[in-house]
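Q: Have a look at the structure that comes next, please.
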Amino acid sequence: MRRTSLSLGLAALVAVIWTLLPIYWILKTAFIAPVDAVAFPAPLWPSNPHFAAVHNIFGFGYTDADGREFLPAGQSKQVINGLKNSVIVAFFVTIITLLIIVPLSYAFARFEFRGKTALLMAILFSVAVPPVSTLIPFYILFVKLGLTGTALGLIIINLTITVPFVTWMLIGYFRNLPAVEPLARVDGFSRLSTLIFIVIPMARSGIAVAAIVSFLFAWNEFVFATQLVNGTPAATLPTAVSGFLFLQPQPGLLSASLWISIIPAALVAFFLQRHIAEMNLVEPVK
Amino acid sequence: MASRAEARIQNEAKLALKRIELSNRQFAMLLALPVILFLVMVMAYPMGYAIWLSMQEVSFFGGFRTSFVGIENYREALYSDNFWWSVRVTVQFVSVSVVLAMLIGLGLALLMHRVRRGRALLGTIIILPWSMSLYGAGVMWQYLARGQSGVASSLINRMLGRTTPDTAVEYSLISSEQIVNLLALGNAWNLAPLVAFFLLANLKTIPERLYDLARVDRLNIWQRFLNVTLPPLQYTLFVFTTITLILSMKLLDFIFVMSAGGPGDASATLTFRLFDLAFRQSNYGLSAAISFYLLFLIIGSALALFFFWGRRLEDT
Amino acid sequence: MSGIEITNLRKSFGNVKAIEEMTLTIPNGVFCVILGPSGCGKSTMLNCVAGLEDVTSGTIKIGGRDVTNLPPHARDIAMVFQSSLLYPHLTALQNVRMSLKNSDTGAVEAKRRIDHAVGILEIASVLDKKPGAMSGGQRQRVAMAKAIVRNPTAFLMDEPLAALDAALRQSLRPELAALQRQLGTTTIFVTHDQVEAMTLGDLIVVMNDGRVEQIGTPDEIYNNPATKFVAAFIGSPPMNFFEGQVEDLNNGPALRTQYGPIAIPRHLFDRMGGRAHSLGVRPQHIDINRTKTDGSIPGTVFAIENLGKESVIILHDTAGHDYRVLVGPDHGYSVGESTYMCPDLSQAHLF
């Protein structure tokens with residue numbers, strides 16, 4: 001018994017190291033003094049925590065205990081602007097995605113109608129289409145319509161990914177909910193008010209997962225943003241961070257900006273790990 | 001008097017019925033219609049446009065101009081070594097990614113299934129890579145693997161006592177030979193949590209009694225895994241093999257950030273190749289043509305998985 | 001005032017006839033059980049009465065009012081669904097409130113009714129719990145409370161006890177019957193369980209294959225089954241059937257079986273004539289002996305089920321048909337013995 005719990009603990013340790021090492025390795029750099037951050041070989045942990053990078057990234061100067069001054073990062077404006085844009089884009093992508101997919105996946109899960117299989121196939125198919133293939137036509141269209149460099153264009157193209165994927169997630173979820181529709185009809189709810197007042201509250205954890213997945217996708221999206229809004233006032237956080245990407249010797253700033261982009265993901269991780277498996281990705285395929 | 005009021009109520013109710021009571025099919029269509037329009041707009045348009053574009057030669061001299069070249073772009077791709085190299089890289093990247101993601105995912109699922117105390121904390125940590133952005137993952141893995149900032153240089157030099165810049169030696173994990181495998185490892189790091197959580201949900205449905213039965217039959221740990229644990233997981237394993245396969249084939253962000261197709265074009269997968277062709281070389285026609293080859297590869301391999309594996313599981 | 005009147009009800013789904021033709025009058029305050037095997041159309045019939053399914057033709061009146069084309073909520077009914085379905089995300093109290101949410105019941109009246117229902121069903125302690133945290137019996141009570149706060153003209157219940165274990169079902173049955181008597185509300189209760197039907201129903205409707213086989217009180221259904229289906233479906237252990245050809249022979253009517261003729265009372269024969277081909281006898285109306293007598297049928301003891309105060313002996317004839325005979329505890333038979341069955345023909349039925 002003791003041996004199993006020991007080996008279980010060991011396995012858990014391996015899993016945690018495997019998961020956290022890549023994240024830790026760069027995030028530690030934000031708290032290392034800029035000089036030590038580029039030291040070779042790289043330090044294992046911030047032995048003297050130093051907060052220059054986390055100040056500089058937001059456009060604040062910083063003077064450390066030794067009296068050394070660190071100027072605000074030149075890219076801090078882009079980072080803050082990117083943060084703002086990312087919030088806007090992710091927010092609207094989430095809202096629009098939910099407005100579209102909740103009724104759709106409910107209809108798919110609960111009703112039979114002509115063309116249902118074909119539509120489901122179309123949705124699964126669009127999950128399989130590589131985003132780059134979609135990007136090329138959209139890019140050319142957006143150039144013509146003047147939508148490059150705008151949040152609107154980025155929102156539209158993000159929806160092409162979130163809508164099919166999250167619909168697929170929610171169909172299986174709705175199918176697993178108890179069929180309370182007749183109960184609601186006897187209680188005097190029309191079909192639409194059943195959806196609004198009964199089904200949506202009942203499905204809130206699944207819808208929350210759908211919302212989080214959409215939000216994270218838009219928040220994390222990089223390729224579309226690089227092509228459509230990079231270097232414009234509509235640039236999102238990932239593209240702003242890409243300004244530091246291969247920039248040496250400022251890994252501290254890169255690390256600090258990564259902190260910003262990772263925090264939302266970390267905040268929802270607890271909720272996600274509890275509810276993600278309710279989504280039942282397997283069923284719609286069956 | 002009463003009966004007249006009653007008749008009126010009944011009449012109103014009938015009218016109300018006519019107003020709100022659509023048939024199920026009508027209601028479903030009403031819900032689905034906006035989405036169908038949306039899908040037509042965001043899927044049919046780009047697909048249609050891409051088909052058209054793949055048969056054009058695009059030039060930028062004096063604005064955006066195209067001329068029809070038929071299947072020339074498709075032919076050009078097939079005759080190009082770069083294309084076949086990218087197919088090779090893609091196949092290697094995807095196979096290694098899928099195998100690693102499934103194995104690691106299964107391992108994480110089994111671990112979470114066994115752990116009693118601290119399950120929520122462990123789950124929260126394990127799901128982190130999946131909720132993280134792929135560009136972030138790319139930055140992290142590059143930072144981790146590079147010789148200068150990497151973990152290998154740091155650990156090995158420290159163990160050998162070489163802590164100053166002049167004595168220490170760079171150990172880079174990034175090389176032309178191994179870059180594809182390294183990318184696949186990073187990709188698996190990102191995908192494995194998704195696999196793990198769905199396998200975990202499936203594991204929970206296996207009755208504990210079955211393990212008791214296996215113990216009575218004196219199966220060892222490995223036989224128990226093969227005969228009790230694995231069979232009910234098969235369909236989920238199939239579905240997630242397909243999902244990880246498709247996601248890996250589509251992957252661009254991570255490769256773009258971590259290796260940018262390099263060193264040289266050692267890690268230029270098809271997605272990277274067609275991104276590069278379109279947005280660096282403005283060769284939209286060829287890029288669109290290659291994107292259809294990629295789409296066929298994705299759908300073809302998903303269908304192949306279904307025919308050789310999924311179809312046999314249908315009855316179970 | 002009349003309770004529920006169903007006239008010439010038909011329901012088909014495409015080409016499939018779910019209910020062929022049904023006419024049924026349930027007097028006010030009567031507990032009516034619709035009994036039948038799964039797929040017989042009983043749930044469809046209930047859904048038609050509830051308004052959850054449109055009828056193909058026919059009329060439905062509840063409390064004298066034609067409700068055929070009204071939506072469920074306008075029919076003045078309350079329904080308890082299979083396995084006492086409740087909204088899983090709402091507490092017991094919220095579930096009960098939902099019944100009144102879309103009605104014009106005032107807040108004071110609503111509170112009075114809810115308190116009343118909570119008192120009758122003794123569910124005060126679970127009001128803040130969600131269905132997932134309740135036991136099967138508690139869910140059943142909450143579903144009942146949800147139904148009675150509406151003060152309906154009729155209760156419709158679709159196998160509400162089906163998911164409960166046997167012991168709980170047994171204790172809830174008399175409670176349900178008592179509650180219905182106390183409220184005096186006309187009730188339709190759908191089930192496939194003949195024991196539920198016999199113990200709960202004032203009136204039983206036996207359905208099979210979309211048709212009504214028989215309508216009657218439990219006594220009528222048990223003692224005078226109208227069809228072979230009803231006879232076989234009601235009673236445990238089930239009725240035995242001797243197959244053959246009924247003929248009017250020189251020495252009176254008889255069933256010609258492979259073991260020789262079995263004489264049939266004249267009054268039975270007169271009702272059915274030569275169309276009949278099976279003779280039904282309940283297990284308690286067959287005697288078994290070790291010696292052959294006139295009109296007895298040979299059978300080998302296949303198994304003996306000891307029920308304590310009595311035993312069921314299962315016999316096989318040479319063709320392998322099952323016959324069940326109810327005997328006292330000291331029967332003395334053992335498996336493999338050859339015996340002879342003597343049906344009590346005064347208690348027999350012809351089909």
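A note on labels: chains of the structure tokens are A, B, ... as shown, every chain counts residues from 1, and ligands are counted from 1 in their shown order.
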Which of range 58-249 of chain B end up as alpha helix (DSSP H) when DSSP is run on this backbone - answer as a ChimeraX atom specification?
A: /B:72-78,81-114,119-131,134-145,151-159,179-203,208-216,221-224,230-249
Q: Under the rule that only C-alpha atoms are counted, which of B:Ile298, B:Leu39, B:Val58, B:Leu210 is the nearest residue to Val129 in chain A?
A: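 Smallest distance to Val129 in chain A is found for B:Ile298.
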Q: Distance limit 10 Å, atoms considered: only C-alpha atoms. Which chain C residues sit that close to chain A? Return them as a ChimeraX atom specification.
A: /C:47,50-53,71-81,85-90,97-103,146-147,150
Q: Write out as a count of residues only the set of residues from range 30-160 of chain B that DSSP, computed on the backbone, places in strand (DSSP E or B).
A: 8
Q: Which is closer to chain A than all the others in B:Phe93, B:Trp52, B:Phe197, B:Tyr171, using only C-alpha atoms?
A: B:Phe197
Q: So which residues touch range 309-311 of chain C within 10 Å, counting only C-alpha atoms, skipping near sequence neighbours fewer than 4 positions away, as a list in words?
A: Ile304, Glu305, Arg324, Val325, Leu326, Val327, Gly328, Pro329, Asp330 and His331 of chain C
Q: Which residue, B:Met159, B:Ile246, B:Ala44, B:Val139, has the smallest gap to Leu258 in chain A when you use only C-alpha atoms?
A: B:Val139
Q: From the options B:Thr236, B:Ser248, B:Asn24, B:Ser287, which residue's atoms come nearest to chain C, counting only C-alpha atoms?
A: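 For chain C, the nearest of the candidates is B:Asn24.
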Q: Give me the residues within 6 Å of range 226-239 of chain A as a list in words, counting only C-alpha atoms and dropping any in the same chain fewer than 4 places off.
A: Gly82, Leu83, Asn85, Ser86, Thr148, Gly149, Thr150, Ala151 and Phe222 of chain A
Q: Write a file of the selected residues as an mmCIF file, in the first residue's frame, keeping N, CA, C and O atoms.
A:
data_model
loop_
_atom_site.group_PDB
_atom_site.id
_atom_site.type_symbol
_atom_site.label_atom_id
_atom_site.label_comp_id
_atom_site.auth_asym_id
_atom_site.auth_seq_id
_atom_site.Cartn_x
_atom_site.Cartn_y
_atom_site.Cartn_z
ATOM 1 N N GLY A 82 -2.348 46.534 -26.702
ATOM 2 C CA GLY A 82 -2.646 45.157 -27.106
ATOM 3 C C GLY A 82 -3.549 44.472 -26.099
ATOM 4 O O GLY A 82 -4.481 43.753 -26.459
ATOM 5 N N LEU A 83 -3.274 44.732 -24.829
ATOM 6 C CA LEU A 83 -4.095 44.161 -23.762
ATOM 7 C C LEU A 83 -5.541 44.610 -23.935
ATOM 8 O O LEU A 83 -6.480 43.815 -23.890
ATOM 9 N N ASN A 85 -7.000 45.782 -26.694
ATOM 10 C CA ASN A 85 -7.577 45.191 -27.903
ATOM 11 C C ASN A 85 -7.936 43.730 -27.713
ATOM 12 O O ASN A 85 -8.969 43.264 -28.174
ATOM 13 N N SER A 86 -7.045 43.001 -27.033
ATOM 14 C CA SER A 86 -7.309 41.583 -26.810
ATOM 15 C C SER A 86 -8.584 41.400 -26.019
ATOM 16 O O SER A 86 -9.391 40.517 -26.317
ATOM 17 N N THR A 148 -8.618 45.144 -42.856
ATOM 18 C CA THR A 148 -7.358 44.806 -42.195
ATOM 19 C C THR A 148 -7.042 45.922 -41.211
ATOM 20 O O THR A 148 -7.402 47.080 -41.433
ATOM 21 N N GLY A 149 -6.388 45.541 -40.128
ATOM 22 C CA GLY A 149 -6.062 46.548 -39.125
ATOM 23 C C GLY A 149 -7.264 46.979 -38.304
ATOM 24 O O GLY A 149 -7.197 47.988 -37.616
ATOM 25 N N THR A 150 -8.379 46.234 -38.371
ATOM 26 C CA THR A 150 -9.519 46.571 -37.525
ATOM 27 C C THR A 150 -9.868 45.389 -36.626
ATOM 28 O O THR A 150 -9.644 44.227 -36.982
ATOM 29 N N ALA A 151 -10.431 45.732 -35.480
ATOM 30 C CA ALA A 151 -10.859 44.681 -34.559
ATOM 31 C C ALA A 151 -11.989 43.879 -35.187
ATOM 32 O O ALA A 151 -12.075 42.662 -35.016
ATOM 33 N N PHE A 222 -3.013 33.923 -32.646
ATOM 34 C CA PHE A 222 -1.799 34.612 -33.045
ATOM 35 C C PHE A 222 -1.675 34.813 -34.555
ATOM 36 O O PHE A 222 -1.428 35.923 -35.012
#
Q: Show me, as a list in words, the residues that have an atom within 9 Å of Thr244 in chain B when counting only C-alpha atoms, minus same-chain residues fewer than 2 positions from it.
A: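 Contacts, with the query itself left out: Val94, Ser97, Val98, Ala101, Met102, Ala188, Leu191, Ala192, Val195, Val239, Phe240, Thr241, Thr242, Ile246, Leu247, Ser248 and Met249 of chain B.
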Q: For the selection just defined, write its residues with N, CA, C and O atoms to a file, as a JSON list (two decimals), in the first residue's frame.
A:
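Saved the output as selection16.json:
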[["chain", "number", "residue", "atom", "x", "y", "z"],
["B", 94, "VAL", "N", 3.14, 15.04, -37.47],
["B", 94, "VAL", "CA", 1.81, 14.62, -37.01],
["B", 94, "VAL", "C", 1.86, 13.25, -36.34],
["B", 94, "VAL", "O", 1.28, 13.06, -35.28],
["B", 97, "SER", "N", 3.50, 13.61, -32.96],
["B", 97, "SER", "CA", 2.61, 14.38, -32.09],
["B", 97, "SER", "C", 1.47, 13.52, -31.57],
["B", 97, "SER", "O", 1.19, 13.51, -30.37],
["B", 98, "VAL", "N", 0.81, 12.80, -32.49],
["B", 98, "VAL", "CA", -0.37, 12.03, -32.10],
["B", 98, "VAL", "C", 0.01, 10.94, -31.11],
["B", 98, "VAL", "O", -0.61, 10.78, -30.06],
["B", 101, "ALA", "N", 0.97, 12.62, -27.79],
["B", 101, "ALA", "CA", -0.18, 13.22, -27.12],
["B", 101, "ALA", "C", -1.09, 12.16, -26.54],
["B", 101, "ALA", "O", -1.59, 12.29, -25.41],
["B", 102, "MET", "N", -1.31, 11.07, -27.27],
["B", 102, "MET", "CA", -2.20, 10.02, -26.77],
["B", 102, "MET", "C", -1.57, 9.30, -25.59],
["B", 102, "MET", "O", -2.24, 9.04, -24.59],
["B", 188, "ALA", "N", 2.53, 17.94, -28.25],
["B", 188, "ALA", "CA", 1.92, 16.94, -27.36],
["B", 188, "ALA", "C", 1.72, 17.51, -25.97],
["B", 188, "ALA", "O", 0.72, 17.24, -25.30],
["B", 191, "LEU", "N", -1.48, 19.38, -26.24],
["B", 191, "LEU", "CA", -2.71, 18.63, -26.53],
["B", 191, "LEU", "C", -3.06, 17.57, -25.49],
["B", 191, "LEU", "O", -4.23, 17.24, -25.29],
["B", 192, "ALA", "N", -2.03, 17.03, -24.83],
["B", 192, "ALA", "CA", -2.26, 15.90, -23.93],
["B", 192, "ALA", "C", -3.33, 16.18, -22.85],
["B", 192, "ALA", "O", -4.13, 15.29, -22.56],
["B", 195, "VAL", "N", -6.83, 15.39, -24.14],
["B", 195, "VAL", "CA", -6.99, 13.93, -24.21],
["B", 195, "VAL", "C", -7.21, 13.37, -22.81],
["B", 195, "VAL", "O", -8.11, 12.58, -22.57],
["B", 239, "VAL", "N", -11.56, 8.64, -31.16],
["B", 239, "VAL", "CA", -12.02, 10.01, -31.45],
["B", 239, "VAL", "C", -10.90, 11.00, -31.18],
["B", 239, "VAL", "O", -10.67, 11.92, -31.98],
["B", 240, "PHE", "N", -10.17, 10.81, -30.09],
["B", 240, "PHE", "CA", -9.13, 11.79, -29.77],
["B", 240, "PHE", "C", -7.88, 11.61, -30.61],
["B", 240, "PHE", "O", -7.13, 12.56, -30.82],
["B", 241, "THR", "N", -7.65, 10.39, -31.10],
["B", 241, "THR", "CA", -6.58, 10.23, -32.08],
["B", 241, "THR", "C", -6.93, 11.07, -33.31],
["B", 241, "THR", "O", -6.09, 11.81, -33.85],
["B", 242, "THR", "N", -8.19, 10.99, -33.73],
["B", 242, "THR", "CA", -8.62, 11.78, -34.87],
["B", 242, "THR", "C", -8.49, 13.28, -34.58],
["B", 242, "THR", "O", -7.99, 14.05, -35.41],
["B", 246, "ILE", "N", -6.06, 15.90, -36.50],
["B", 246, "ILE", "CA", -6.52, 17.06, -37.25],
["B", 246, "ILE", "C", -5.88, 18.34, -36.70],
["B", 246, "ILE", "O", -5.39, 19.18, -37.46],
["B", 247, "LEU", "N", -5.87, 18.47, -35.37],
["B", 247, "LEU", "CA", -5.31, 19.68, -34.78],
["B", 247, "LEU", "C", -3.82, 19.81, -35.11],
["B", 247, "LEU", "O", -3.32, 20.90, -35.36],
["B", 248, "SER", "N", -3.10, 18.69, -35.13],
["B", 248, "SER", "CA", -1.67, 18.75, -35.43],
["B", 248, "SER", "C", -1.43, 19.12, -36.89],
["B", 248, "SER", "O", -0.52, 19.87, -37.21],
["B", 249, "MET", "N", -2.27, 18.56, -37.76],
["B", 249, "MET", "CA", -2.14, 18.90, -39.19],
["B", 249, "MET", "C", -2.37, 20.39, -39.42],
["B", 249, "MET", "O", -1.79, 20.99, -40.32]]
Q: Write out as JSON, numbers by chain the residues lying within 10 Å of Ser47 in chain A, counting only C-alpha atoms and excluding same-chain residues fewer than 4 positions away.
A: {"A": [31, 32, 33, 43]}
